[in-house]
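Only one structure is covered here, and it is reproduced in the block below.
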Amino acid sequence: MIVALDGTVLSVAQPSLQRDFGAGVAQVQWTSTSYLLAVAALLVVAGRLGDRYGHPLMLRLGLLGFAAASAGIALAPGIGWVIGLRAAQGVFGALLQPATLALLRSAYPEERLGRAVALRTSAIGVAAAAGPVLGGALVGSLGWRAVFVINVPVALASAAVTLAVRAPAPPRDGSQRLDLPGAALLTTALAALVHTLVGVPEHGWTARPTLLGLAAVAALATAFAAHERRTPQPIVPRAVARSVPVTASMTLLLVTTAGMFGALFVTTFFLQNVLGYGPLDCGLRVLPLTALMVLGAPVAGAALRRHGPRRMATAGSLLVVLGVAGLSRLDAHSPWTVAGAAFAVLGAGFATVMVTATGTVVGDAPPGYAGVVGGLKQTAMNVGPVFGIAVAAGMMLAGPQAGGAAPRMGPALLVLAGVTALGLLPATLLPRAGGKPGKAVPARGTPVEETAR
């Protein structure tokens, strides 16, 4: 919740921060980009560290570091300090996120894991919805620094709880060292990918910086894949890489988050810049999405136990496609009920996909590898929205009507609906009703992989 809340309140605080420091638009943008680069690049490595050294330790380090970085930002004397400390905040955010999923796996038996995942999804929805409201109240009364001060007591209290409550310790892979060359290649490739996608709204897909960035990502990814095949201790263990449910769930989360967040980018631009709504009015019109995310997650968790991951993922993907396609029909004369219905369908579908894919990923993680699987899941959840926004921005910038959002909104949303529809293929690869996750049989390898087998 604290990580989700921090991302949404910052968007409200950025204009005040810019005025306080006299910063440029590019500098303010880097307060978000530096965090995103750090967290997306390090999630898988952080999960691997948790598998080796213990997820409770990673969670405590992440919480304490997140609190320290937040306090530093609240006291920052200049915009450069904010950018650097936001990157540090991303590092500690990367440490704590995979640990939460790994500890859920160890604390709940399989028959109750879906409820825990659904609660986690609802909590993220509540935090995302509360962010703009809480951020607006804090910035309006206490200034932008208050949105970071509030992180400190919450993170410290959470760290205290992790010391007081002894969760069952998940299996640890202490037999392997961290593959530093592989970690460096993966981290650099992910950072380059996110940096390139973040620049698409400014440069476009065919600009030289974008093409060079994508070429660099392809070269780094090829080098990483070749290194993973040669090394006896890969960053992404073979037991994980060969798990069909895990791979399918990652792909499903990537395209679904791309579709939803890309659609939110387009419709928010349309509501504010074309129809002239303020941030509060815009937030109220998107409220059905948040409400259905919060309310739909526990319903999806209960339905998952009855109908199985394959049916639930397929149904959720179809709802997200319908929701995004419904938003493409909006114009200046559409009644608010049409937009509300489309957002509600989108929220219900997204909650269903989130609960199903997360539950499958966590449940299918081989013993000792819950952290790296959680890191992969969170990476998909971070890269997907950046990709979706890049697709949306590229469509809105394209063509002779690039200066007007309204004529380009429909095509952009239809393309995003098509991207989301790609999730129907990996959805068919998930287990049927009654199928038990975690049954992927890895090849012979490390001691933990043999335990999984």
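Ordered as shown in the structure tokens, chains take letters A, B, and onward, while each chain numbers its residues from 1 and ligands are numbered from 1 in the order shown.
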Next on the checklist: I'd like the contact shell of Ala223 of chain A - 9 Å cut-off, only C-alpha atoms, skipping same-chain residues fewer than 5 positions apart - returned as a PyMOL selection string.
Outcome noted: chain A and resi 185+218+228
Item to check | Residue neighbourhood segment 203-213 of chain A, 9 Å, only C-alpha atoms, exclusion window fewer than 5 positions, as a ChimeraX atom specification | outcome: /A:192-193,195-197,218,390-391,393-395,397-398
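Nearest-residue note for Ala40 of chain A: choosing from A:Leu422, A:Leu96, A:Leu190, A:Ala159, the minimum distance belongs to A:Leu190, counting only C-alpha atoms.
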Item to check | Computed interatomic separation between atom CA of Arg229 of chain A and atom CA of Ser243 of chain A (Å) | outcome: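 Between atom CA of Arg229 of chain A and atom CA of Ser243 of chain A the gap is 16.0 Å.
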Next on the checklist: Going by DSSP on the backbone, which residues of segment 66-295 of chain A come out as alpha helix (DSSP H)? List them as a PyMOL selection string.
Outcome noted: chain A and resi 66-74+79-107+110-142+146-149+151-164+180-203+208-230+238-241+244-269+279-295
